[in-house]
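Q: Below are the C-alpha cells for one structure; questions will follow.
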Amino acid sequence: MDTTNNPEVVLSVRNMIKDFPIGQSSSKNSYMRAVNDVSFDLRKGEALAIVGESGSGKSTGARVLTRIYEKTGGDIIFKGKPLQQYIDDHGTLEYARQVQMIFQDPFGSLNPVHSIYHHIARPLLIHKRADKKVIDKLVYELLELVGLFPAVETAEKYPHELSGGQRQRVAIARALAVDPEVILADEPISMLDVSVRLGILNLMADLKDKHGISFMYITHDIATARYFAEKTAVMYVGHMVEWGNSDKVTQTPQHPYTQLLLSAVPEAGQSGRRELGAKKGEIPMWKPDTKGCPFSARCPRALDCCNESFPEVTQIADDHFIRCHNI
Amino acid sequence: MKEALLEINNLCVDYVSANGVARAVNNVSLTIAPGETLGIAGESGCGKSTLAFAITRLHKAPALISEGEIIYNGRDVLKMSDKELRDFRWNDVSIVFQSAMNSLNPVITIGEQLTDVIVAHKRISFKQAAVKAKELLGIVGIHGDRLKSFPHQLSGGMRQRVVIAIALALEPKLIIMDEPTTALDVVVEREILNELYDLKEKFGFSILFISHDLSLMGEIADRIGVMYAGNLIEIGDAKTVFSKPSHPYTKGLIASFPTIHGPKERLYGIPGDPVNLLRLPTGCNFQDRCADCMDICKKEDPLLAELNVDYHAACHKL
C-alpha cells in the first residue's frame, strides 16, 4: 500500500471475523459468519465509508470495533498496539473513550428521562474529563460546537423537546465530550428528515477536517459516502469486495457488485426501465465453512473458481483495491 | 390537458388534539390525469401521507377533513355513502402502504390475503379468486407456489411485490403509493421500479407517488408537487421542478441530496428544523429557514400562483 504523505493510521483492522451462533447445536455449521476477512486502515482526520445493503455486516463490524461484540478472529490494532494489549495497558475505559459511536436512531439513543445536560455531563464525569466546577462551561461549549444554540437553554431541555436533527447533534456532542480519536457513525442520518441530513454530514465533515477526528461512516447511500468520506469500502454479505479512494470506487467501479449497486441508484431525469447487470439470485447465508465469493450466484462475470475460493486482494490502481477473480 | 381522473380542491385535514388543532393538509388543490404519475415530495410531517389517506377517506380520528372536495370521475368522495365508499376503494383507487411488513397480516397466507380482496369486491367464488391470485403473483414476478407462504417467509422485496399485487387485484385506475420503496435496499428498489414501469405500461393506471427521495421522484414522476408544513408550495412538470425549482424550499431540498456523479462540492441543504404544526408562524411557514425572507413573508401567507402553464409556486419573491 502506498504510504506517501498519508496521515498516520489510527485504527487498523486485519482479517476481522465475527460469527454469531444460530440454532441450538454447537457444531461448526450452527454459526453464521456476519463479517469475514475484513481488513482496512483508518487514518487520522479521514473518513472511511462502509457501504452495503442491509445484512452486509457493516454495523456488526462497527460494533466489534467498539467492543459491543467480541471479535471471533483477526486483529484490531489501535494506535500501533493490538486491542488486547491496549486494554491491558490502559484499561477498557481508555479504549472506549477514544473509540466512540453514534447510532442510527437518535430517538432511541438518548434517555427520555434525563436532560440534555445530563447526557453531555455524564461521559465527562465518568471519564474524569472535568471536575464539577468547570463542567457547566464544557457542556455549553460542546453544545455550541455541534451547532445547538442557545446552549444554556438547550441543555435544560429533554430529548422529546428536540427535533430528530437536534437529537443527533446531542449524540455527536456526547461522543465528542470525551475527546475521541475515532467516531464510528452507524447510519447517522438515515432516520432524519431529508432537509437536516446535510447539516449533520457537514458538521461531521468539520469535526473531521478541523479537529482531526477519524470517522467510520456506515451507510447504505453511496452518494453520501462519496460526499463525506475520502475512502469508501463496499461490503457484500460480510465481505469487503471493493475499496479505496471514494471517487475511484464510485466513478470507476470495477467489482460487479459495486457496479450493480451504482446502476441501481435512482437519478432524476433518467426515467424508464433500467436493466440491472446481475442475475436474480438469493443472497447467501454465510457459514464458517462456506466457500467461494458471496456474489457468485448473482454475478454476470462468474467463473468456475468463484465457487471455490474468495479472491485475494488485487490493487487495480493507486488507492483502489478489489477482490474479484475476473478483473 | 386531459380530463382529470382525480381532482382535489382546497382540501384541509386537521388533527385535533388536546394541545390544539394541527392542520396537516392546508388548502391543497391538485389534479391527476389518467395514466399520469404525480409525485408528492416532502419531509416527514409535511402532510403527504395524510393527503394519501384522505383521498380514500381512510384517515382515522383525530384526523378530520374540515374543508374541500375530492372529485373522482365526477363524484365527490367526501359525499359518498358507506356503501359507495366501499365500492370506490380498491375498485377505483388502491393504496400501497410504506411498510409491507406492517400492511400484510402475519398469520394468514399471502394467497388468502389476495383472494380476500378479490372476493370482498367481486361476486366470484374462492376457487376463481385463487386462480386470479396466482395470476396476479405472476404479474409481479413471484412464482404461484408462493400463495401458500406466510409473509415472514418472503424477503422484503417480495413482500412489497405482494402488496403491489394486492393493489392491482381489481385493476384500479389510480394507485396511491406511499413511500413504496423506502424500506428497501437500492438494488431491490430498482427491481420494484422496473416492475412498476412494466405494469404501468400494461395497465395504464395513474400513480400518486409519495416519497421524500427527490432523485427517485425526478425519475419516476411526470409531475411533482412539493409540500411543506401542510401546504403545497410548488407543483409542475418533473423536469422543471427538479432542474429549475422556483421555491426556496424546493431549491434547498434538491441541494440536500449529494449526487453520485456530478461535481463534488460542499452542499448546504436547508438550515434549521422543520416547523411544528402546532406553532406555525404568521405568514409563510418557511420564513425561519429561508435566506430570502422579506417583511411581507412574516405577515402574509404566500398563495400558489401560476408562473407558467401548469406550473405553480407559492412564494412572495416570485
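Identifiers in the C-alpha cells: chain A, B, ... in order shown; residue index from 1 per chain; ligand index from 1 in order shown.
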What residues in chain B lie within 7 Å of chain A, counting only C-alpha atoms, written as JSON, numbers by chain?
A: {"B": [43, 44, 185, 186, 187, 190, 194, 197, 215, 216, 217, 218, 219, 220, 239, 253, 256, 258, 259, 260, 264, 268, 269, 270, 273]}
Q: Residues of stretch 49-207 of chain A in alpha helix (DSSP H) according to DSSP, as an MDAnalysis selection string?
A: chainID A and resid 58:65 83:90 92:98 116:126 135:145 151:156 164:176 194:207
Q: Please write the residues from the selection above to a file, keeping C-alpha atoms, as a JSON list (two decimals), in the first residue's frame.
A:
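This went into part11.json:
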```
[["chain", "number", "residue", "atom", "x", "y", "z"],
["A", 58, "LYS", "CA", -21.39, -3.18, 8.15],
["A", 59, "SER", "CA", -22.99, -2.45, 11.53],
["A", 60, "THR", "CA", -21.62, -5.66, 13.00],
["A", 61, "GLY", "CA", -18.13, -4.54, 12.03],
["A", 62, "ALA", "CA", -18.55, -1.24, 13.87],
["A", 63, "ARG", "CA", -19.97, -2.99, 16.88],
["A", 64, "VAL", "CA", -16.98, -5.30, 17.05],
["A", 65, "LEU", "CA", -14.70, -2.27, 16.95],
["A", 83, "LEU", "CA", -6.55, -4.04, 21.11],
["A", 84, "GLN", "CA", -5.94, -6.57, 23.88],
["A", 85, "GLN", "CA", -2.58, -5.10, 24.78],
["A", 86, "TYR", "CA", -4.07, -1.63, 24.70],
["A", 87, "ILE", "CA", -6.71, -2.71, 27.16],
["A", 88, "ASP", "CA", -4.14, -4.46, 29.35],
["A", 89, "ASP", "CA", -2.01, -1.30, 29.45],
["A", 90, "HIS", "CA", -4.65, 1.39, 29.63],
["A", 92, "THR", "CA", -11.17, -0.74, 28.76],
["A", 93, "LEU", "CA", -12.37, 2.72, 29.72],
["A", 94, "GLU", "CA", -9.49, 4.35, 27.90],
["A", 95, "TYR", "CA", -10.23, 2.44, 24.69],
["A", 96, "ALA", "CA", -13.93, 3.26, 24.97],
["A", 97, "ARG", "CA", -13.06, 6.92, 25.40],
["A", 98, "GLN", "CA", -11.03, 7.05, 22.22],
["A", 116, "ILE", "CA", -29.54, 17.14, 27.56],
["A", 117, "TYR", "CA", -27.16, 18.49, 30.21],
["A", 118, "HIS", "CA", -27.10, 15.10, 31.90],
["A", 119, "HIS", "CA", -26.32, 13.35, 28.61],
["A", 120, "ILE", "CA", -23.26, 15.51, 27.96],
["A", 121, "ALA", "CA", -22.03, 15.83, 31.55],
["A", 122, "ARG", "CA", -22.16, 12.13, 32.30],
["A", 123, "PRO", "CA", -19.34, 11.00, 29.97],
["A", 124, "LEU", "CA", -17.28, 13.96, 31.22],
["A", 125, "LEU", "CA", -17.64, 12.71, 34.78],
["A", 126, "ILE", "CA", -17.21, 9.01, 34.04],
["A", 135, "ILE", "CA", -18.22, 21.11, 33.83],
["A", 136, "ASP", "CA", -21.01, 23.56, 33.01],
["A", 137, "LYS", "CA", -18.75, 25.55, 30.76],
["A", 138, "LEU", "CA", -17.58, 22.40, 28.97],
["A", 139, "VAL", "CA", -21.13, 21.20, 28.39],
["A", 140, "TYR", "CA", -22.16, 24.53, 26.87],
["A", 141, "GLU", "CA", -19.06, 24.65, 24.71],
["A", 142, "LEU", "CA", -19.79, 21.20, 23.36],
["A", 143, "LEU", "CA", -23.39, 22.08, 22.55],
["A", 144, "GLU", "CA", -22.24, 25.19, 20.70],
["A", 145, "LEU", "CA", -19.63, 23.18, 18.83],
["A", 151, "ALA", "CA", -26.58, 26.30, 24.63],
["A", 152, "VAL", "CA", -27.84, 27.04, 28.14],
["A", 153, "GLU", "CA", -31.49, 26.69, 27.20],
["A", 154, "THR", "CA", -30.84, 23.59, 25.10],
["A", 155, "ALA", "CA", -29.03, 21.94, 27.99],
["A", 156, "GLU", "CA", -32.12, 22.25, 30.16],
["A", 164, "GLY", "CA", -34.51, 14.47, 15.19],
["A", 165, "GLY", "CA", -31.66, 16.53, 13.77],
["A", 166, "GLN", "CA", -31.09, 18.29, 17.09],
["A", 167, "ARG", "CA", -31.06, 14.97, 18.93],
["A", 168, "GLN", "CA", -28.46, 13.60, 16.57],
["A", 169, "ARG", "CA", -26.38, 16.71, 17.31],
["A", 170, "VAL", "CA", -26.67, 15.89, 21.01],
["A", 171, "ALA", "CA", -25.49, 12.35, 20.29],
["A", 172, "ILE", "CA", -22.48, 13.79, 18.45],
["A", 173, "ALA", "CA", -21.74, 16.20, 21.31],
["A", 174, "ARG", "CA", -21.86, 13.29, 23.74],
["A", 175, "ALA", "CA", -19.36, 11.35, 21.64],
["A", 176, "LEU", "CA", -17.13, 14.43, 21.40],
["A", 194, "VAL", "CA", -34.14, 14.98, 4.48],
["A", 195, "SER", "CA", -33.65, 18.71, 4.92],
["A", 196, "VAL", "CA", -31.49, 18.33, 8.06],
["A", 197, "ARG", "CA", -29.36, 15.39, 6.88],
["A", 198, "LEU", "CA", -26.82, 17.54, 5.12],
["A", 199, "GLY", "CA", -26.39, 19.70, 8.22],
["A", 200, "ILE", "CA", -25.30, 16.64, 10.21],
["A", 201, "LEU", "CA", -22.96, 15.46, 7.44],
["A", 202, "ASN", "CA", -21.39, 18.90, 7.21],
["A", 203, "LEU", "CA", -20.95, 19.00, 10.98],
["A", 204, "MET", "CA", -19.14, 15.66, 10.89],
["A", 205, "ALA", "CA", -17.02, 16.90, 7.97],
["A", 206, "ASP", "CA", -15.97, 19.94, 10.04],
["A", 207, "LEU", "CA", -15.04, 17.76, 13.01]]
```
Q: Which residues in stretch 143-201 of chain A does DSSP call strand (DSSP E)? List them as a PyMOL selection string.
A: chain A and resi 182-186
Q: To one decimal in Å, tell me the separation between atom CA of A:Glu181 and atom CA of A:Val241.
A: 26.7 Å
Q: Could you pull the residues within 10 Å of stretch 304-317 of chain A, counting only C-alpha atoms, minus those fewer than 2 positions along the same chain, as a VMD selection string?
A: chain A and resid 1 37 239 to 245 248 254 290 to 297 299 301 to 302 319 to 327
Q: Restricted to N, CA and C atoms, what would the selected residues look like written as a PDB file, in the first residue's frame?
A:
```pdb
ATOM      1  N   MET A   1       0.846  -1.203   0.000  1.00  0.00           N
ATOM      2  CA  MET A   1       0.000   0.000   0.000  1.00  0.00           C
ATOM      3  C   MET A   1       0.875   1.243   0.000  1.00  0.00           C
ATOM      4  N   ASP A  37     -13.086 -11.887   7.078  1.00  0.00           N
ATOM      5  CA  ASP A  37     -11.819 -11.490   6.472  1.00  0.00           C
ATOM      6  C   ASP A  37     -11.833 -10.023   6.019  1.00  0.00           C
ATOM      7  N   HIS A 239     -18.310  -9.494   3.408  1.00  0.00           N
ATOM      8  CA  HIS A 239     -17.005  -9.410   2.761  1.00  0.00           C
ATOM      9  C   HIS A 239     -16.797  -8.029   2.160  1.00  0.00           C
ATOM     10  N   MET A 240     -15.578  -7.513   2.301  1.00  0.00           N
ATOM     11  CA  MET A 240     -15.247  -6.271   1.612  1.00  0.00           C
ATOM     12  C   MET A 240     -14.859  -6.633   0.189  1.00  0.00           C
ATOM     13  N   VAL A 241     -15.607  -6.130  -0.804  1.00  0.00           N
ATOM     14  CA  VAL A 241     -15.357  -6.542  -2.185  1.00  0.00           C
ATOM     15  C   VAL A 241     -14.579  -5.505  -2.981  1.00  0.00           C
ATOM     16  N   GLU A 242     -14.738  -4.229  -2.613  1.00  0.00           N
ATOM     17  CA  GLU A 242     -14.019  -3.184  -3.337  1.00  0.00           C
ATOM     18  C   GLU A 242     -13.820  -1.997  -2.410  1.00  0.00           C
ATOM     19  N   TRP A 243     -12.645  -1.406  -2.420  1.00  0.00           N
ATOM     20  CA  TRP A 243     -12.422  -0.250  -1.556  1.00  0.00           C
ATOM     21  C   TRP A 243     -11.295   0.609  -2.100  1.00  0.00           C
ATOM     22  N   GLY A 244     -11.193   1.802  -1.522  1.00  0.00           N
ATOM     23  CA  GLY A 244     -10.156   2.736  -1.949  1.00  0.00           C
ATOM     24  C   GLY A 244     -10.692   4.152  -1.952  1.00  0.00           C
ATOM     25  N   ASN A 245     -10.051   5.007  -2.700  1.00  0.00           N
ATOM     26  CA  ASN A 245     -10.465   6.384  -2.844  1.00  0.00           C
ATOM     27  C   ASN A 245     -11.940   6.461  -3.279  1.00  0.00           C
ATOM     28  N   LYS A 248     -12.738   7.092  -6.931  1.00  0.00           N
ATOM     29  CA  LYS A 248     -12.421   5.961  -7.810  1.00  0.00           C
ATOM     30  C   LYS A 248     -13.468   4.866  -7.676  1.00  0.00           C
ATOM     31  N   GLN A 254     -15.110  -1.304 -10.265  1.00  0.00           N
ATOM     32  CA  GLN A 254     -14.602  -2.452 -11.002  1.00  0.00           C
ATOM     33  C   GLN A 254     -15.250  -3.766 -10.588  1.00  0.00           C
ATOM     34  N   THR A 290     -18.464 -22.027   4.427  1.00  0.00           N
ATOM     35  CA  THR A 290     -18.906 -21.705   3.073  1.00  0.00           C
ATOM     36  C   THR A 290     -17.706 -21.249   2.252  1.00  0.00           C
ATOM     37  N   LYS A 291     -17.648 -21.756   1.015  1.00  0.00           N
ATOM     38  CA  LYS A 291     -16.506 -21.417   0.173  1.00  0.00           C
ATOM     39  C   LYS A 291     -16.939 -20.501  -0.957  1.00  0.00           C
ATOM     40  N   GLY A 292     -15.980 -19.794  -1.518  1.00  0.00           N
ATOM     41  CA  GLY A 292     -16.237 -19.025  -2.726  1.00  0.00           C
ATOM     42  C   GLY A 292     -16.490 -17.560  -2.465  1.00  0.00           C
ATOM     43  N   CYS A 293     -16.926 -16.900  -3.535  1.00  0.00           N
ATOM     44  CA  CYS A 293     -17.224 -15.478  -3.468  1.00  0.00           C
ATOM     45  C   CYS A 293     -18.723 -15.341  -3.175  1.00  0.00           C
ATOM     46  N   PRO A 294     -19.092 -14.504  -2.242  1.00  0.00           N
ATOM     47  CA  PRO A 294     -20.518 -14.423  -1.882  1.00  0.00           C
ATOM     48  C   PRO A 294     -21.400 -13.937  -3.017  1.00  0.00           C
ATOM     49  N   PHE A 295     -20.820 -13.253  -4.002  1.00  0.00           N
ATOM     50  CA  PHE A 295     -21.617 -12.667  -5.065  1.00  0.00           C
ATOM     51  C   PHE A 295     -21.755 -13.599  -6.267  1.00  0.00           C
ATOM     52  N   SER A 296     -21.090 -14.772  -6.223  1.00  0.00           N
ATOM     53  CA  SER A 296     -21.001 -15.599  -7.425  1.00  0.00           C
ATOM     54  C   SER A 296     -22.361 -15.992  -8.003  1.00  0.00           C
ATOM     55  N   ALA A 297     -23.360 -16.234  -7.135  1.00  0.00           N
ATOM     56  CA  ALA A 297     -24.660 -16.677  -7.648  1.00  0.00           C
ATOM     57  C   ALA A 297     -25.342 -15.603  -8.483  1.00  0.00           C
ATOM     58  N   CYS A 299     -23.562 -13.038  -9.983  1.00  0.00           N
ATOM     59  CA  CYS A 299     -22.560 -12.305 -10.750  1.00  0.00           C
ATOM     60  C   CYS A 299     -22.629 -12.625 -12.239  1.00  0.00           C
ATOM     61  N   ARG A 301     -20.300 -12.121 -14.303  1.00  0.00           N
ATOM     62  CA  ARG A 301     -18.964 -12.468 -14.790  1.00  0.00           C
ATOM     63  C   ARG A 301     -18.387 -13.688 -14.055  1.00  0.00           C
ATOM     64  N   ALA A 302     -19.239 -14.450 -13.390  1.00  0.00           N
ATOM     65  CA  ALA A 302     -18.732 -15.524 -12.530  1.00  0.00           C
ATOM     66  C   ALA A 302     -17.976 -16.583 -13.324  1.00  0.00           C
ATOM     67  N   ASP A 319      -4.473   3.431  -4.763  1.00  0.00           N
ATOM     68  CA  ASP A 319      -5.544   3.524  -3.773  1.00  0.00           C
ATOM     69  C   ASP A 319      -6.895   3.001  -4.286  1.00  0.00           C
ATOM     70  N   HIS A 320      -6.864   1.892  -4.942  1.00  0.00           N
ATOM     71  CA  HIS A 320      -8.110   1.268  -5.407  1.00  0.00           C
ATOM     72  C   HIS A 320      -7.898  -0.253  -5.433  1.00  0.00           C
ATOM     73  N   PHE A 321      -8.651  -0.975  -4.605  1.00  0.00           N
ATOM     74  CA  PHE A 321      -8.441  -2.412  -4.449  1.00  0.00           C
ATOM     75  C   PHE A 321      -9.748  -3.159  -4.658  1.00  0.00           C
ATOM     76  N   ILE A 322      -9.656  -4.350  -5.235  1.00  0.00           N
ATOM     77  CA  ILE A 322     -10.857  -5.181  -5.295  1.00  0.00           C
ATOM     78  C   ILE A 322     -10.507  -6.645  -5.016  1.00  0.00           C
ATOM     79  N   ARG A 323     -11.529  -7.388  -4.688  1.00  0.00           N
ATOM     80  CA  ARG A 323     -11.366  -8.838  -4.555  1.00  0.00           C
ATOM     81  C   ARG A 323     -12.311  -9.478  -5.554  1.00  0.00           C
ATOM     82  N   CYS A 324     -11.774  -9.877  -6.691  1.00  0.00           N
ATOM     83  CA  CYS A 324     -12.585 -10.482  -7.740  1.00  0.00           C
ATOM     84  C   CYS A 324     -11.673 -11.349  -8.591  1.00  0.00           C
ATOM     85  N   HIS A 325     -12.151 -12.552  -8.953  1.00  0.00           N
ATOM     86  CA  HIS A 325     -11.352 -13.446  -9.779  1.00  0.00           C
ATOM     87  C   HIS A 325     -11.281 -12.990 -11.226  1.00  0.00           C
ATOM     88  N   ASN A 326     -12.310 -12.280 -11.663  1.00  0.00           N
ATOM     89  CA  ASN A 326     -12.430 -11.952 -13.082  1.00  0.00           C
ATOM     90  C   ASN A 326     -12.343 -10.450 -13.290  1.00  0.00           C
ATOM     91  N   ILE A 327     -11.131  -9.920 -13.181  1.00  0.00           N
ATOM     92  CA  ILE A 327     -10.985  -8.466 -13.316  1.00  0.00           C
ATOM     93  C   ILE A 327     -10.909  -8.101 -14.803  1.00  0.00           C
TER      94      ILE A 327
END
```
Q: Please report the interatomic distance between atom CA of B:Leu196 and atom CA of B:Pro180 in Å with one decimal.
A: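 Atom CA of B:Pro180 lies at a distance of 10.7 Å from atom CA of B:Leu196.
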Q: I'd like the neighbourhood of B:Ala133 as a list in words, where a residue qualifies if any of its atoms comes within 9 Å (using only C-alpha atoms), though same-chain residues fewer than 4 positions away should be ignored.
A: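 Those residues are Gly111, Glu112, Leu114, Thr115, Ile118, Gln128, Ala129, Leu137, Gly138, Gly144, Leu147, Ala165, Ile166 and Ala169 of chain B.
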Q: For the residues in that selection, give me N, CA and C atoms as a compact mmCIF listing (two decimals), in the first residue's frame.
A:
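Output file out22.txt follows:
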```
# COMPACT_ATOMS: atom_id res chain seq x y z
N GLY B 111 -51.76 -15.91 -0.16
CA GLY B 111 -52.83 -16.33 -1.06
C GLY B 111 -54.19 -15.91 -0.51
N GLU B 112 -54.38 -16.17 0.77
CA GLU B 112 -55.64 -15.77 1.41
C GLU B 112 -55.84 -14.26 1.38
N LEU B 114 -54.72 -12.21 -0.81
CA LEU B 114 -55.07 -11.80 -2.16
C LEU B 114 -56.51 -12.15 -2.51
N THR B 115 -56.90 -13.39 -2.22
CA THR B 115 -58.27 -13.81 -2.58
C THR B 115 -59.30 -13.04 -1.77
N ILE B 118 -60.21 -9.92 -3.51
CA ILE B 118 -60.99 -10.15 -4.73
C ILE B 118 -62.43 -10.54 -4.38
N GLN B 128 -62.26 -19.39 -8.07
CA GLN B 128 -61.91 -18.49 -9.17
C GLN B 128 -60.95 -17.42 -8.70
N ALA B 129 -61.19 -16.95 -7.46
CA ALA B 129 -60.33 -15.90 -6.92
C ALA B 129 -58.90 -16.41 -6.76
N LEU B 137 -49.82 -12.81 -8.81
CA LEU B 137 -48.46 -13.03 -8.32
C LEU B 137 -47.51 -13.14 -9.50
N GLY B 138 -47.96 -13.85 -10.55
CA GLY B 138 -47.14 -13.98 -11.75
C GLY B 138 -46.82 -12.62 -12.35
N GLY B 144 -46.25 -18.83 -8.52
CA GLY B 144 -47.57 -19.12 -7.97
C GLY B 144 -47.55 -20.01 -6.72
N LEU B 147 -48.24 -18.76 -3.06
CA LEU B 147 -49.54 -18.43 -2.49
C LEU B 147 -49.69 -18.99 -1.09
N ALA B 165 -49.22 -6.42 -5.83
CA ALA B 165 -50.18 -7.34 -6.46
C ALA B 165 -51.57 -7.14 -5.88
N ILE B 166 -51.65 -6.96 -4.57
CA ILE B 166 -52.96 -6.73 -3.93
C ILE B 166 -53.56 -5.42 -4.44
N ALA B 169 -55.15 -5.91 -7.78
CA ALA B 169 -56.12 -7.00 -7.88
C ALA B 169 -57.37 -6.64 -8.67
```
Q: Name the residues in contact with A:Pro112 at a cut-off of 12 Å, using only C-alpha atoms, excluding same-chain residues fewer than 2 positions from it; report them as a short mmCIF file (atom, residue, chain, number, x, y, z; two decimals) with N, CA and C atoms, in the first residue's frame.
A:
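File part_8.cif, as written:
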```cif
data_model
loop_
_atom_site.label_atom_id
_atom_site.label_comp_id
_atom_site.auth_asym_id
_atom_site.auth_seq_id
_atom_site.Cartn_x
_atom_site.Cartn_y
_atom_site.Cartn_z
N PRO A 106 -31.68 8.52 16.79
CA PRO A 106 -31.47 9.47 17.88
C PRO A 106 -32.67 9.52 18.84
N PHE A 107 -33.75 8.81 18.46
CA PHE A 107 -34.90 8.76 19.36
C PHE A 107 -34.68 7.66 20.40
N GLY A 108 -33.89 6.66 20.05
CA GLY A 108 -33.62 5.57 20.97
C GLY A 108 -32.32 5.72 21.72
N SER A 109 -31.39 6.55 21.21
CA SER A 109 -30.07 6.58 21.84
C SER A 109 -29.97 7.61 22.96
N LEU A 110 -30.99 8.43 23.14
CA LEU A 110 -30.99 9.35 24.28
C LEU A 110 -32.01 8.88 25.30
N HIS A 114 -33.83 11.99 31.14
CA HIS A 114 -32.73 12.87 31.53
C HIS A 114 -32.61 14.06 30.61
N SER A 115 -32.15 15.18 31.17
CA SER A 115 -31.98 16.39 30.37
C SER A 115 -30.77 16.24 29.45
N ILE A 116 -30.67 17.14 28.50
CA ILE A 116 -29.54 17.14 27.56
C ILE A 116 -28.25 17.36 28.37
N HIS A 118 -27.50 16.38 31.31
CA HIS A 118 -27.10 15.10 31.90
C HIS A 118 -26.37 14.22 30.88
N HIS A 119 -26.91 14.20 29.64
CA HIS A 119 -26.32 13.35 28.61
C HIS A 119 -24.88 13.74 28.29
N LYS A 157 -33.25 21.27 28.27
CA LYS A 157 -34.36 20.56 27.63
C LYS A 157 -34.23 19.04 27.79
N TYR A 158 -35.31 18.38 27.46
CA TYR A 158 -35.32 16.90 27.46
C TYR A 158 -35.40 16.42 26.01
N PRO A 159 -34.96 15.20 25.75
CA PRO A 159 -34.93 14.74 24.35
C PRO A 159 -36.24 14.96 23.57
N HIS A 160 -37.40 14.77 24.22
CA HIS A 160 -38.65 14.89 23.44
C HIS A 160 -38.91 16.31 22.97
N GLU A 161 -38.20 17.28 23.54
CA GLU A 161 -38.41 18.67 23.12
C GLU A 161 -37.58 19.04 21.89
N LEU A 162 -36.72 18.12 21.47
CA LEU A 162 -35.84 18.41 20.34
C LEU A 162 -36.30 17.65 19.09
N ARG A 167 -31.45 16.11 18.09
CA ARG A 167 -31.06 14.97 18.93
C ARG A 167 -29.79 14.33 18.43
#
```
